[in-house]
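Text of upload.tsv (TSV, C-alpha atoms) as supplied:
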chain	number	residue	atom	x	y	z
A	1	VAL	CA	32.76	-72.14	175.61
A	2	LEU	CA	35.27	-69.80	174.07
A	3	GLU	CA	34.08	-67.61	171.21
A	4	PRO	CA	35.59	-68.33	167.75
A	5	LEU	CA	38.79	-66.37	167.27
A	6	GLY	CA	38.85	-63.85	164.45
A	7	PRO	CA	41.59	-63.52	161.83
A	8	ASP	CA	43.52	-60.97	163.87
A	9	ALA	CA	43.69	-62.85	167.16
A	10	THR	CA	47.37	-62.49	168.06
A	11	LEU	CA	49.52	-65.29	169.49
A	12	LEU	CA	51.94	-63.62	171.93
A	13	LEU	CA	54.82	-65.86	173.02
A	14	ILE	CA	56.89	-64.69	175.98
A	15	ASP	CA	60.61	-65.38	176.51
A	16	LEU	CA	60.67	-68.91	175.06
A	17	GLN	CA	64.46	-68.88	174.84
A	18	GLN	CA	67.10	-71.46	175.57
A	19	ALA	CA	68.08	-69.62	178.76
A	20	ILE	CA	65.08	-71.04	180.57
A	21	ASP	CA	66.71	-74.51	180.46
A	22	ASP	CA	69.64	-73.26	182.55
A	23	PRO	CA	69.76	-75.41	185.71
A	24	SER	CA	69.80	-72.31	187.93
A	25	TRP	CA	66.09	-71.86	187.31
A	26	ALA	CA	65.33	-75.17	189.00
A	27	ALA	CA	67.43	-74.50	192.09
A	28	ALA	CA	64.41	-74.74	194.42
A	29	GLY	CA	62.72	-77.56	192.48
A	30	PRO	CA	61.71	-78.60	188.98
A	31	ARG	CA	59.40	-76.90	186.52
A	32	ASN	CA	55.82	-77.87	185.85
A	33	ASN	CA	54.10	-78.51	182.49
A	34	PRO	CA	56.94	-80.44	180.83
A	35	GLU	CA	54.82	-80.58	177.65
A	36	ALA	CA	54.45	-76.80	177.41
A	37	GLU	CA	56.87	-76.39	174.48
A	38	HIS	CA	55.02	-79.07	172.52
A	39	THR	CA	51.72	-77.37	173.36
A	40	VAL	CA	53.03	-74.00	172.20
A	41	LEU	CA	54.26	-75.59	168.97
A	42	ARG	CA	50.74	-76.80	168.24
A	43	LEU	CA	49.45	-73.26	168.73
A	44	LEU	CA	52.20	-71.88	166.50
A	45	GLU	CA	51.37	-74.38	163.77
A	46	ARG	CA	47.70	-73.46	163.91
A	47	TRP	CA	48.48	-69.75	163.78
A	48	ARG	CA	50.81	-70.31	160.82
A	49	SER	CA	48.40	-72.52	158.91
A	50	THR	CA	45.52	-70.06	159.38
A	51	GLY	CA	47.55	-66.92	158.72
A	52	ARG	CA	46.88	-65.26	162.06
A	53	PRO	CA	49.48	-62.83	163.49
A	54	ILE	CA	52.26	-64.07	165.76
A	55	VAL	CA	54.48	-61.97	168.05
A	56	HIS	CA	57.58	-63.46	169.63
A	57	ILE	CA	58.86	-61.57	172.67
A	58	ARG	CA	62.59	-61.99	173.26
A	59	HIS	CA	63.99	-61.08	176.66
A	60	ASP	CA	67.33	-59.24	176.34
A	61	SER	CA	68.41	-59.17	179.97
A	62	ARG	CA	70.38	-56.27	181.37
A	63	GLU	CA	71.81	-58.48	184.12
A	64	PRO	CA	75.50	-59.32	183.57
A	65	ALA	CA	75.07	-62.86	184.96
A	66	SER	CA	71.79	-63.68	183.24
A	67	SER	CA	71.63	-66.52	180.72
A	68	TYR	CA	69.07	-64.32	178.89
A	69	ARG	CA	71.72	-61.66	178.18
A	70	PRO	CA	72.31	-60.84	174.48
A	71	GLY	CA	75.47	-62.59	173.31
A	72	GLN	CA	74.84	-65.59	175.56
A	73	PRO	CA	73.71	-68.82	173.86
A	74	GLY	CA	70.61	-68.77	176.07
A	75	ASN	CA	69.37	-65.62	174.38
A	76	ALA	CA	68.44	-67.69	171.30
A	77	PHE	CA	64.90	-68.96	170.89
A	78	LYS	CA	64.17	-72.57	171.81
A	79	PRO	CA	64.63	-75.12	169.05
A	80	GLY	CA	61.40	-75.50	167.10
A	81	LEU	CA	59.91	-72.31	168.52
A	82	ALA	CA	62.01	-69.76	166.62
A	83	PRO	CA	60.32	-67.04	164.55
A	84	ARG	CA	59.87	-67.63	160.83
A	85	GLY	CA	59.54	-65.33	157.87
A	86	GLU	CA	57.55	-62.23	158.65
A	87	GLU	CA	56.60	-63.09	162.19
A	88	THR	CA	57.15	-60.14	164.49
A	89	VAL	CA	59.97	-60.26	167.05
A	90	ILE	CA	59.99	-57.68	169.83
A	91	ALA	CA	62.92	-57.39	172.20
A	92	LYS	CA	62.24	-56.31	175.76
A	93	ARG	CA	64.42	-55.62	178.78
A	94	ALA	CA	61.74	-55.41	181.48
A	95	GLY	CA	59.32	-58.01	182.79
A	96	SER	CA	56.27	-56.68	180.96
A	97	ALA	CA	56.52	-56.86	177.17
A	98	PHE	CA	54.76	-53.47	177.02
A	99	VAL	CA	57.55	-51.54	178.74
A	100	GLY	CA	59.94	-49.80	176.37
A	101	THR	CA	58.53	-51.56	173.29
A	102	ALA	CA	56.10	-50.93	170.45
A	103	LEU	CA	53.82	-53.81	171.49
A	104	ASP	CA	50.88	-51.61	172.48
A	105	THR	CA	51.13	-49.65	169.23
A	106	LEU	CA	51.18	-52.89	167.26
A	107	LEU	CA	48.26	-54.54	169.05
A	108	ARG	CA	46.12	-51.39	168.92
A	109	THR	CA	45.76	-51.92	165.18
A	110	ARG	CA	43.96	-55.24	165.74
A	111	ARG	CA	40.54	-56.12	167.11
A	112	GLY	CA	41.16	-59.73	168.07
A	113	PRO	CA	42.08	-61.04	171.49
A	114	VAL	CA	45.66	-61.64	172.59
A	115	VAL	CA	46.50	-65.29	173.28
A	116	VAL	CA	49.45	-65.52	175.68
A	117	ALA	CA	51.85	-68.38	176.43
A	118	GLY	CA	55.49	-68.64	177.52
A	119	VAL	CA	57.67	-68.27	180.58
A	120	ILE	CA	57.72	-67.92	183.45
A	121	THR	CA	54.13	-67.86	184.58
A	122	ASN	CA	54.68	-65.70	187.65
A	123	ASN	CA	57.21	-63.27	186.21
A	124	SER	CA	57.25	-62.00	182.61
A	125	VAL	CA	54.04	-63.79	181.62
A	126	GLU	CA	52.21	-62.41	184.64
A	127	SER	CA	53.59	-58.88	184.24
A	128	THR	CA	52.66	-58.85	180.56
A	129	VAL	CA	49.15	-60.17	181.23
A	130	ARG	CA	48.57	-57.65	184.03
A	131	ALA	CA	49.68	-54.81	181.75
A	132	ALA	CA	47.58	-56.06	178.83
A	133	GLY	CA	44.50	-56.42	181.01
A	134	ASP	CA	45.00	-52.95	182.47
A	135	LEU	CA	45.28	-51.61	178.91
A	136	ARG	CA	41.88	-53.25	178.28
A	137	TYR	CA	42.94	-55.92	175.83
A	138	ARG	CA	40.97	-59.14	175.86
A	139	VAL	CA	43.64	-61.60	177.03
A	140	LEU	CA	43.40	-65.38	176.86
A	141	LEU	CA	46.15	-66.99	178.95
A	142	VAL	CA	46.98	-70.57	177.97
A	143	GLU	CA	47.59	-72.38	181.24
A	144	ASP	CA	49.25	-75.44	179.69
A	145	GLY	CA	51.37	-73.24	177.41
A	146	CYS	CA	53.18	-71.67	180.38
A	147	PHE	CA	55.39	-73.03	183.11
A	148	THR	CA	57.38	-71.97	186.13
A	149	PHE	CA	59.63	-73.34	188.86
A	150	ALA	CA	59.45	-74.08	192.57
A	151	ARG	CA	60.10	-71.16	194.89
A	152	ARG	CA	60.21	-70.37	198.60
A	153	ASP	CA	57.53	-67.92	199.71
A	154	ARG	CA	58.15	-64.95	202.03
A	155	SER	CA	57.56	-67.11	205.12
A	156	GLY	CA	60.03	-69.74	203.93
A	157	HIS	CA	57.53	-72.35	202.74
A	158	LEU	CA	58.72	-74.21	199.67
A	159	ARG	CA	56.07	-74.12	196.96
A	160	THR	CA	56.19	-76.50	194.02
A	161	ALA	CA	56.18	-75.14	190.49
A	162	GLN	CA	52.56	-76.24	190.12
A	163	GLU	CA	51.56	-74.38	193.29
A	164	VAL	CA	53.34	-71.20	192.16
A	165	HIS	CA	51.76	-71.53	188.70
A	166	ASP	CA	48.27	-72.19	190.09
A	167	LEU	CA	48.25	-69.21	192.43
A	168	SER	CA	49.58	-66.90	189.72
A	169	LEU	CA	46.76	-68.00	187.41
A	170	ALA	CA	44.18	-67.50	190.17
A	171	ASN	CA	45.43	-63.95	190.71
A	172	LEU	CA	45.08	-63.18	187.00
A	173	ASP	CA	41.90	-65.02	185.97
A	174	GLY	CA	38.84	-62.78	185.82
A	175	GLU	CA	40.85	-59.70	186.74
A	176	TYR	CA	43.37	-59.32	183.93
A	177	CYS	CA	42.57	-62.21	181.59
A	178	THR	CA	40.62	-65.40	181.06
A	179	VAL	CA	42.65	-68.53	181.75
A	180	VAL	CA	42.08	-71.18	179.06
A	181	THR	CA	43.58	-74.44	177.85
A	182	ALA	CA	45.37	-74.96	174.55
A	183	ALA	CA	42.61	-77.39	173.55
A	184	GLU	CA	40.03	-74.61	173.97
A	185	ILE	CA	42.15	-72.26	171.89
A	186	LEU	CA	42.64	-74.83	169.14
A	187	ARG	CA	38.88	-75.43	168.96
A	188	ALA	CA	38.30	-71.66	168.72
A	189	ALA	CA	41.05	-70.95	166.19
A	190	GLU	CA	39.52	-72.58	163.16
A	191	PRO	CA	40.70	-71.64	159.68
A	192	VAL	CA	39.55	-68.19	158.71
A	193	ALA	CA	36.85	-68.22	156.04
B	194	VAL	CA	70.30	-52.46	206.49
B	195	LEU	CA	68.21	-50.06	204.47
B	196	GLU	CA	69.88	-46.85	203.31
B	197	PRO	CA	68.61	-43.59	204.88
B	198	LEU	CA	65.70	-42.22	202.86
B	199	GLY	CA	66.17	-38.82	201.28
B	200	PRO	CA	63.74	-35.92	201.47
B	201	ASP	CA	61.94	-36.94	198.29
B	202	ALA	CA	61.26	-40.57	199.13
B	203	THR	CA	57.58	-40.92	198.20
B	204	LEU	CA	55.02	-42.80	200.26
B	205	LEU	CA	52.61	-44.39	197.76
B	206	LEU	CA	49.40	-45.71	199.34
B	207	ILE	CA	47.23	-47.97	197.18
B	208	ASP	CA	43.41	-48.23	197.37
B	209	LEU	CA	43.07	-47.82	201.16
B	210	GLN	CA	39.35	-47.16	200.86
B	211	GLN	CA	36.37	-48.29	202.90
B	212	ALA	CA	35.35	-50.69	200.14
B	213	ILE	CA	38.00	-53.15	201.23
B	214	ASP	CA	35.99	-53.83	204.42
B	215	ASP	CA	33.05	-55.14	202.38
B	216	PRO	CA	32.42	-58.73	203.53
B	217	SER	CA	32.54	-59.98	199.92
B	218	TRP	CA	36.34	-59.69	200.00
B	219	ALA	CA	36.55	-62.32	202.74
B	220	ALA	CA	34.27	-64.83	201.01
B	221	ALA	CA	37.05	-67.46	200.83
B	222	GLY	CA	38.56	-66.60	204.22
B	223	PRO	CA	39.74	-63.67	206.32
B	224	ARG	CA	42.43	-61.12	205.59
B	225	ASN	CA	45.93	-61.16	207.03
B	226	ASN	CA	47.84	-58.33	208.75
B	227	PRO	CA	44.94	-56.95	210.82
B	228	GLU	CA	47.30	-54.20	212.04
B	229	ALA	CA	48.12	-52.96	208.54
B	230	GLU	CA	46.04	-49.77	208.77
B	231	HIS	CA	47.73	-48.86	212.06
B	232	THR	CA	51.11	-49.58	210.48
B	233	VAL	CA	50.31	-47.38	207.49
B	234	LEU	CA	49.18	-44.60	209.82
B	235	ARG	CA	52.60	-44.66	211.50
B	236	LEU	CA	54.23	-44.30	208.09
B	237	LEU	CA	51.86	-41.46	207.16
B	238	GLU	CA	52.62	-39.65	210.41
B	239	ARG	CA	56.35	-39.94	209.82
B	240	TRP	CA	56.02	-38.70	206.25
B	241	ARG	CA	53.90	-35.77	207.43
B	242	SER	CA	56.20	-34.83	210.30
B	243	THR	CA	59.30	-34.94	208.07
B	244	GLY	CA	57.69	-33.20	205.08
B	245	ARG	CA	58.27	-36.01	202.61
B	246	PRO	CA	55.86	-36.41	199.66
B	247	ILE	CA	52.76	-38.59	199.94
B	248	VAL	CA	50.63	-39.93	197.09
B	249	HIS	CA	47.23	-41.50	197.78
B	250	ILE	CA	45.92	-43.73	195.00
B	251	ARG	CA	42.13	-43.97	194.90
B	252	HIS	CA	40.55	-46.79	192.94
B	253	ASP	CA	37.50	-45.60	191.00
B	254	SER	CA	36.14	-48.93	189.79
B	255	ARG	CA	34.39	-49.23	186.45
B	256	GLU	CA	32.47	-52.30	187.66
B	257	PRO	CA	28.79	-51.57	188.30
B	258	ALA	CA	28.67	-53.93	191.29
B	259	SER	CA	31.99	-52.89	192.86
B	260	SER	CA	32.02	-51.30	196.31
B	261	TYR	CA	34.96	-49.24	194.96
B	262	ARG	CA	32.72	-47.52	192.41
B	263	PRO	CA	32.55	-43.69	192.62
B	264	GLY	CA	29.33	-42.68	194.37
B	265	GLN	CA	29.39	-45.73	196.63
B	266	PRO	CA	30.29	-45.14	200.30
B	267	GLY	CA	33.18	-47.59	199.86
B	268	ASN	CA	34.92	-45.25	197.46
B	269	ALA	CA	35.87	-42.99	200.40
B	270	PHE	CA	39.26	-43.35	202.04
B	271	LYS	CA	39.48	-45.32	205.28
B	272	PRO	CA	38.97	-43.34	208.47
B	273	GLY	CA	42.29	-41.97	209.67
B	274	LEU	CA	44.03	-42.61	206.35
B	275	ALA	CA	42.41	-39.84	204.28
B	276	PRO	CA	44.58	-37.32	202.42
B	277	ARG	CA	45.28	-33.99	204.10
B	278	GLY	CA	46.09	-30.56	202.78
B	279	GLU	CA	48.38	-30.67	199.78
B	280	GLU	CA	48.90	-34.41	199.66
B	281	THR	CA	48.49	-35.73	196.14
B	282	VAL	CA	45.47	-37.87	195.27
B	283	ILE	CA	45.51	-39.81	192.01
B	284	ALA	CA	42.43	-41.64	190.79
B	285	LYS	CA	42.93	-44.83	188.80
B	286	ARG	CA	40.59	-47.27	187.08
B	287	ALA	CA	43.04	-50.09	186.34
B	288	GLY	CA	45.01	-52.33	188.66
B	289	SER	CA	48.35	-50.57	188.17
B	290	ALA	CA	48.40	-46.99	189.40
B	291	PHE	CA	50.55	-46.12	186.38
B	292	VAL	CA	47.86	-46.89	183.79
B	293	GLY	CA	45.89	-43.87	182.60
B	294	THR	CA	47.35	-41.58	185.29
B	295	ALA	CA	50.09	-38.98	185.73
B	296	LEU	CA	51.91	-41.03	188.37
B	297	ASP	CA	54.99	-41.69	186.24
B	298	THR	CA	55.25	-38.02	185.28
B	299	LEU	CA	55.01	-37.05	188.95
B	300	LEU	CA	57.54	-39.55	190.25
B	301	ARG	CA	60.04	-38.80	187.47
B	302	THR	CA	60.65	-35.41	189.09
B	303	ARG	CA	62.01	-37.07	192.26
B	304	ARG	CA	65.15	-39.01	193.00
B	305	GLY	CA	64.05	-40.86	196.11
B	306	PRO	CA	62.69	-44.38	196.28
B	307	VAL	CA	58.99	-45.19	196.23
B	308	VAL	CA	57.68	-46.77	199.43
B	309	VAL	CA	54.52	-48.78	198.72
B	310	ALA	CA	51.75	-50.01	201.02
B	311	GLY	CA	48.02	-50.70	200.63
B	312	VAL	CA	45.64	-53.28	199.21
B	313	ILE	CA	45.37	-55.88	198.03
B	314	THR	CA	48.85	-57.36	197.98
B	315	ASN	CA	48.29	-59.63	194.98
B	316	ASN	CA	46.19	-57.30	192.87
B	317	SER	CA	46.61	-53.51	192.68
B	318	VAL	CA	49.67	-53.44	194.95
B	319	GLU	CA	51.38	-56.15	192.92
B	320	SER	CA	50.45	-54.62	189.55
B	321	THR	CA	51.70	-51.22	190.66
B	322	VAL	CA	54.96	-52.63	192.04
B	323	ARG	CA	55.58	-54.66	188.88
B	324	ALA	CA	55.01	-51.57	186.73
B	325	ALA	CA	57.19	-49.38	188.94
B	326	GLY	CA	60.01	-51.91	188.92
B	327	ASP	CA	59.80	-52.28	185.15
B	328	LEU	CA	59.99	-48.47	184.88
B	329	ARG	CA	63.22	-48.73	186.92
B	330	TYR	CA	62.06	-47.02	190.07
B	331	ARG	CA	63.63	-48.16	193.32
B	332	VAL	CA	60.61	-49.66	195.08
B	333	LEU	CA	60.42	-50.57	198.76
B	334	LEU	CA	57.34	-52.68	199.46
B	335	VAL	CA	56.20	-52.65	203.09
B	336	GLU	CA	55.09	-56.19	203.83
B	337	ASP	CA	53.22	-55.37	207.04
B	338	GLY	CA	51.57	-52.34	205.43
B	339	CYS	CA	49.73	-54.54	202.91
B	340	PHE	CA	47.14	-57.25	203.23
B	341	THR	CA	45.03	-59.60	201.19
B	342	PHE	CA	42.41	-62.32	201.50
B	343	ALA	CA	42.18	-66.10	201.16
B	344	ARG	CA	41.67	-67.43	197.65
B	345	ARG	CA	41.33	-70.73	195.81
B	346	ASP	CA	44.16	-71.43	193.40
B	347	ARG	CA	43.71	-72.74	189.85
B	348	SER	CA	43.76	-76.36	191.07
B	349	GLY	CA	41.12	-75.67	193.70
B	350	HIS	CA	43.39	-75.55	196.76
B	351	LEU	CA	42.26	-72.99	199.31
B	352	ARG	CA	45.15	-70.69	200.23
B	353	THR	CA	45.00	-68.53	203.33
B	354	ALA	CA	45.47	-64.80	203.05
B	355	GLN	CA	48.95	-65.15	204.51
B	356	GLU	CA	49.88	-67.78	201.91
B	357	VAL	CA	48.59	-65.61	199.05
B	358	HIS	CA	50.42	-62.59	200.50
B	359	ASP	CA	53.67	-64.51	201.03
B	360	LEU	CA	53.84	-65.90	197.51
B	361	SER	CA	53.03	-62.54	195.99
B	362	LEU	CA	55.89	-60.96	197.95
B	363	ALA	CA	58.24	-63.75	196.89
B	364	ASN	CA	57.38	-63.14	193.23
B	365	LEU	CA	58.14	-59.43	193.59
B	366	ASP	CA	61.16	-59.32	195.92
B	367	GLY	CA	64.46	-58.92	194.10
B	368	GLU	CA	62.75	-58.71	190.71
B	369	TYR	CA	60.55	-55.64	190.95
B	370	CYS	CA	61.19	-54.29	194.45
B	371	THR	CA	62.81	-54.89	197.81
B	372	VAL	CA	60.38	-56.18	200.43
B	373	VAL	CA	60.88	-54.43	203.77
B	374	THR	CA	59.11	-54.00	207.11
B	375	ALA	CA	57.57	-50.79	208.40
B	376	ALA	CA	60.11	-50.82	211.24
B	377	GLU	CA	62.95	-50.75	208.69
B	378	ILE	CA	61.30	-47.86	206.85
B	379	LEU	CA	60.76	-45.89	210.06
B	380	ARG	CA	64.43	-46.33	210.99
B	381	ALA	CA	65.47	-45.13	207.53
B	382	ALA	CA	63.03	-42.20	207.34
B	383	GLU	CA	64.64	-39.94	209.90
B	384	PRO	CA	63.86	-36.21	209.91
B	385	VAL	CA	65.49	-34.45	206.97
B	386	ALA	CA	68.36	-32.23	208.03
Rewritten as structure tokens:
Amino acid sequence: VLEPLGPDATLLLIDLQQAIDDPSWAAAGPRNNPEAEHTVLRLLERWRSTGRPIVHIRHDSREPASSYRPGQPGNAFKPGLAPRGEETVIAKRAGSAFVGTALDTLLRTRRGPVVVAGVITNNSVESTVRAAGDLRYRVLLVEDGCFTFARRDRSGHLRTAQEVHDLSLANLDGEYCTVVTAAEILRAAEPVA
Amino acid sequence: VLEPLGPDATLLLIDLQQAIDDPSWAAAGPRNNPEAEHTVLRLLERWRSTGRPIVHIRHDSREPASSYRPGQPGNAFKPGLAPRGEETVIAKRAGSAFVGTALDTLLRTRRGPVVVAGVITNNSVESTVRAAGDLRYRVLLVEDGCFTFARRDRSGHLRTAQEVHDLSLANLDGEYCTVVTAAEILRAAEPVA
């Protein structure tokens, strides 16, 4: 059972921008966790209603052809998941949200764990979780708040999105984070006294 | 075809210590690439004979039960792959060799690419390659100079070492590095004029 989350447990949302709906992402096969955005919204609502800190990571791609590039419509946050009011937005250009940003400086001021969700599981989410774990943060990775897409492995085998997702989580769990469900997080993130 | 490697192309060897032969690593199934140590030795010999820089990363685990812990016999480098003379040795305690070390400072002084091999593909090798790519190094990851072990994914499916290795490489290739073979590297690492 997950320990109760303190008032400074941070919700860290990775790259939840409209670009991820571009059909190019599903070229090798469809995404998994079609309810992930709804799941993340429930986490966001809980964080907002209990006054815990939220950090939105926005990927500003350097790649000329990327739908995540600033100026492209895809750079905007997904409908319903956009930052509000004083919520922190940090722009990144690398995979890990710690590279070239003030994220480490920000999180160092807090004692609570870092609760991570977003896209895609095996790229920016995984790089950010690996970096956070290496920096000795307590990281809780919400498995149903992330998703990815099918991909061919190095030997040419086509892996479904769920297979890619599941192996990424297995590589991370117990080494760089603890993998949890949104339901576990919601039970642990009760209103702060 | 890989471009010829300049005189300051660095060979970066990750965690090639005796600890990796501990039977606990193969609890879910055997490793892949049984020739990896021999392959790495051929790279080392070429780097030595052409005077290019070599960096050996040594994992000094913090975990009390780890065979990689300093003071344990497993902390020693593998026979035949130990550092010689003035070759650089960098101790790390995290997955990524960039965390808590001077590796970035060292590599910043060189223009050449970073050629990576070692263990295990989906843990310290992958974390180091992700970090190096995010820091904008040109990274060449030697697929037959790395290996890993079988593992159960998040849904309970048992994946062979080769499957784990192949999906890790697919996640990295083109995003954080270029995956290459040792034969390609040896062709590109001709004696420096």
task: Could you give me, as a list of chain:residue names, the residues within 10 Å of stretch 261-264 of chain B, counting all atoms listed in the file and dropping anything in the same chain fewer than 6 positions from it?
output: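 The contact residues come out as B:Asp208, B:Gln210, B:Gln211, B:Ala212, B:Ile213, B:Asp215, B:Arg251, B:His252, B:Asp253, B:Ser254, B:Arg255, B:Arg286.
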- prompt: Taking all atoms listed in the file into account, what are the residues of chain B at most 8 Å from chain A, put as a ChimeraX atom specification?
  reply: /B:287-289,292,315-316,320,323-324,327-328,344-348,356-357,359-364
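For B:Ala229, the non-local neighbours within 10 Å, defined as residues at least 4 positions apart in the same chain or in other chains and counting all atoms listed in the file, are Asn225, Val233, Leu234, Arg235, Ala310, Gly311, Val312, Val335, Glu336, Asp337, Gly338, Cys339, Phe340 and Ala375 of chain B.
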- request: Measure the distance from atom CA of B:Leu236 to atom CA of B:Glu196 in Å and round it to one decimal.
  value: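 Taking atom CA of B:Leu236 and atom CA of B:Glu196, their separation equals 16.6 Å.
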task: Enter the distance from atom CA of B:Ala219 to atom CA of B:Ile283, in Å, rounded to one decimal.
output: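 So the answer is 26.5 Å.
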- prompt: At what distance in Å, to one decimal, does atom CA of A:Asp21 lie from atom CA of A:Arg48?
  reply: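 Straight-line distance from atom CA of A:Arg48 to atom CA of A:Asp21 works out to 25.6 Å.
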field: Counting only C-alpha atoms, the residue of B:Glu256, B:Glu377, B:Asp297, B:Glu280 that sits nearest B:Gly244
entry: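 Answer, going by the shortest atom-to-atom distance: B:Glu280.
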Output as a short mmCIF file (atom, residue, chain, number, x, y, z; two decimals), in the coordinates of the input: stretch 331-344 of chain B, completed with N, CA and C atoms.
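And here is the file that came out, selection-v5.cif:
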data_model
loop_
_atom_site.label_atom_id
_atom_site.label_comp_id
_atom_site.auth_asym_id
_atom_site.auth_seq_id
_atom_site.Cartn_x
_atom_site.Cartn_y
_atom_site.Cartn_z
N ARG B 331 63.27 -47.37 192.14
CA ARG B 331 63.63 -48.16 193.32
C ARG B 331 62.39 -48.24 194.19
N VAL B 332 61.87 -49.45 194.37
CA VAL B 332 60.61 -49.66 195.08
C VAL B 332 60.87 -50.42 196.36
N LEU B 333 60.36 -49.89 197.47
CA LEU B 333 60.42 -50.57 198.76
C LEU B 333 58.99 -50.93 199.14
N LEU B 334 58.70 -52.21 199.19
CA LEU B 334 57.34 -52.68 199.46
C LEU B 334 57.23 -53.09 200.92
N VAL B 335 56.33 -52.46 201.64
CA VAL B 335 56.20 -52.65 203.09
C VAL B 335 55.28 -53.85 203.36
N GLU B 336 55.89 -54.97 203.74
CA GLU B 336 55.09 -56.19 203.83
C GLU B 336 54.00 -56.13 204.88
N ASP B 337 54.25 -55.45 206.00
CA ASP B 337 53.22 -55.37 207.04
C ASP B 337 52.32 -54.15 206.86
N GLY B 338 52.48 -53.43 205.78
CA GLY B 338 51.57 -52.34 205.43
C GLY B 338 50.64 -52.72 204.30
N CYS B 339 50.61 -54.01 203.96
CA CYS B 339 49.73 -54.54 202.91
C CYS B 339 48.94 -55.70 203.48
N PHE B 340 47.84 -56.03 202.85
CA PHE B 340 47.14 -57.25 203.23
C PHE B 340 46.33 -57.77 202.06
N THR B 341 45.88 -59.01 202.21
CA THR B 341 45.03 -59.60 201.19
C THR B 341 44.07 -60.58 201.84
N PHE B 342 43.44 -61.41 201.04
CA PHE B 342 42.41 -62.32 201.50
C PHE B 342 42.70 -63.73 200.98
N ALA B 343 42.06 -64.71 201.62
CA ALA B 343 42.18 -66.10 201.16
C ALA B 343 41.60 -66.23 199.75
N ARG B 344 42.08 -67.24 199.05
CA ARG B 344 41.67 -67.43 197.65
C ARG B 344 41.92 -68.88 197.26
#
